[in-house]
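Student: Encoded as structure tokens, here's the structure I'll be asking about.
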Amino acid sequence: MRKKIVAGNWKMNTTYEEGEKLIQEIIEKKSAVKNDVTLIVAPPFTHLCCFAEPLCKAGIGIAAQNCANHEAGAYTGEVSAAMLASIDVQYCIIGHSERREYYGETNEILLEKVKIALKHKLTPIFCIGEKLSEREAGKQFEVVNAQLQSVICQLPAADFEKIILAYEPVWAIGTGKTATSAQAQEVHAYLRKVLKDTFGVAADHTPILYGGSCNPTTAPELFGQPDIDGGLIGGASLKAADFISVANAF
Ligand code: PGA
């Protein structure tokens, strides 16, 4: 049995006041979510410190959207994994396609981030996925395999067991174009096979989330697939009712 996880990636949205209201709404609605579903919220850095306690009390996980690839020092504007851990952040999204594309985060940098996050006991939610041109060229498996090989497959087995993976086809993120459940399942099954080839049966326990225009309408069919263990939700996580109904889509 794998964990069922629904994580909300707020990206660069909500002022503090708006975020506080959204958190309150999510906490109020949380009782409607089945106990076997782990809910995680990833608000902007500025909100993390104040949200950690109420979320923890409500049994909801808290994630950062990024962390630095260095321990500490002269890196103006960066936030370290140690800082996040010190305010009880539990998870960290690493390798989101927006970070790879707009901030030049390479697989090399992402491996450093994953290692530092793990060192500080943050659970990485590691994102991979192909671009539209790569999908059109039939290269989706090649692309996600390379992303896995250069980061996740470099980890020692004991660290691998702590990872959450998210498959997010870039063409489906924020576009309203969800991958079909068959397209998503095909890639998820492939990812699990690649992980099994490296780590053996431990890969049976790795949660693999789907992300990319996942919403209350598309989630039920996606979450019904054998290798899809939940979702990383962008747009639909900014409305409490939608986020909760995605969490109830299993
Ligand atoms: P979306 O974003 O749900 O708005 O497509 C998903 C993500 O980027 O994690």
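Identifiers for the structure tokens are assigned positionally: chains receive A, B, ... in sequence, residues are indexed from 1 per chain, and ligands are indexed from 1 in the order shown.
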Which protein, DNA or RNA residues have an atom within 8 Å of ligand 1, counting only C-alpha atoms and all ligand atoms, as a PyMOL selection string?

Tutor: chain A and resi 8-9+11+96-98+168+172-176+178+211-215+232-237

Student: Please list as a list in words every residue within 8 Å of His120 of chain A, counting only C-alpha atoms and excluding residues in the same chain fewer than 4 positions away.

Tutor: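 Near His120 of chain A, the qualifying residues are Ala81, Ala82, Ala85 and Ile116 of chain A.
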
Student: Can you list, as a list in words, every residue of segment 69-112 of chain A that DSSP puts in strand (DSSP E or B)?

Tutor: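 Filtering segment 69-112 of chain A down to strand (DSSP E or B) leaves Tyr91, Cys92, Ile93 and Ile94 of chain A.
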
Student: Extract, using only C-alpha atoms, all DNA, RNA and protein residues at most 7 Å from Thr38 of chain A, discarding same-chain residues fewer than 6 positions from it, and format them as a ChimeraX atom specification.

Tutor: /A:4-6

Student: Got a sec: who's within 7 Å of Gln185 of chain A, counting only C-alpha atoms, leaving out chain neighbours fewer than 4 positions off, as a ChimeraX atom specification?

Tutor: /A:181,189,225,227-228

Student: May I have the selected residues written with N, CA, C and O atoms, as a PDB file, in the first residue's frame?

Tutor:
```pdb
ATOM      1  N   SER A 181      -5.691  10.064 -18.527  1.00  0.00           N
ATOM      2  CA  SER A 181      -5.273   9.142 -17.479  1.00  0.00           C
ATOM      3  C   SER A 181      -4.386   8.041 -18.071  1.00  0.00           C
ATOM      4  O   SER A 181      -3.448   7.573 -17.429  1.00  0.00           O
ATOM      5  N   ALA A 189       3.984   4.239 -14.818  1.00  0.00           N
ATOM      6  CA  ALA A 189       4.407   2.833 -14.786  1.00  0.00           C
ATOM      7  C   ALA A 189       5.857   2.728 -15.249  1.00  0.00           C
ATOM      8  O   ALA A 189       6.654   1.971 -14.683  1.00  0.00           O
ATOM      9  N   GLN A 225      -5.827   5.339 -11.468  1.00  0.00           N
ATOM     10  CA  GLN A 225      -4.811   4.542 -12.176  1.00  0.00           C
ATOM     11  C   GLN A 225      -3.883   3.856 -11.172  1.00  0.00           C
ATOM     12  O   GLN A 225      -3.554   4.440 -10.135  1.00  0.00           O
ATOM     13  N   ASP A 227      -0.690   3.320 -10.925  1.00  0.00           N
ATOM     14  CA  ASP A 227       0.599   3.895 -10.509  1.00  0.00           C
ATOM     15  C   ASP A 227       0.524   5.387 -10.183  1.00  0.00           C
ATOM     16  O   ASP A 227       1.555   6.029 -10.003  1.00  0.00           O
ATOM     17  N   ILE A 228      -0.680   5.931 -10.118  1.00  0.00           N
ATOM     18  CA  ILE A 228      -0.828   7.353  -9.767  1.00  0.00           C
ATOM     19  C   ILE A 228      -1.292   7.433  -8.315  1.00  0.00           C
ATOM     20  O   ILE A 228      -2.362   6.948  -7.965  1.00  0.00           O
TER      21      ILE A 228
END
```

Student: Report the distance between atom CA of Cys50 of chain A and atom CA of Leu84 of chain A in Å, rounded to one decimal place.

Tutor: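 Computed distance, atom CA of Cys50 of chain A to atom CA of Leu84 of chain A, equals 12.3 Å.
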
Student: Using only C-alpha atoms, which residues sit within 7 Å of Glu130 of chain A once same-chain residues fewer than 2 positions away are excluded, as a list in words?

Tutor: Leu132, Glu134, Arg135, Gln140, Val143, Val144, Pro169 and Val170 of chain A

Student: Could you pull out the alpha helix (DSSP H) residues of segment 99-220 of chain A from DSSP and send them as a VMD selection string?

Tutor: chain A and resid 99 to 102 107 to 119 132 to 136 140 to 150 157 to 160 181 to 199 219 to 220

Student: Leu111 of chain A: which residues within 9 Å, counting only C-alpha atoms, same-chain residues fewer than 5 positions away excluded, as an MDAnalysis selection string?

Tutor: chainID A and resid 69 106 116 150:152 154:155

Student: For atom CA of Thr46 of chain A and atom CA of Lys121 of chain A, quote the distance in Å rounded to one decimal.

Tutor: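 Answer for the atom CA of Thr46 of chain A to atom CA of Lys121 of chain A separation: 20.6 Å.
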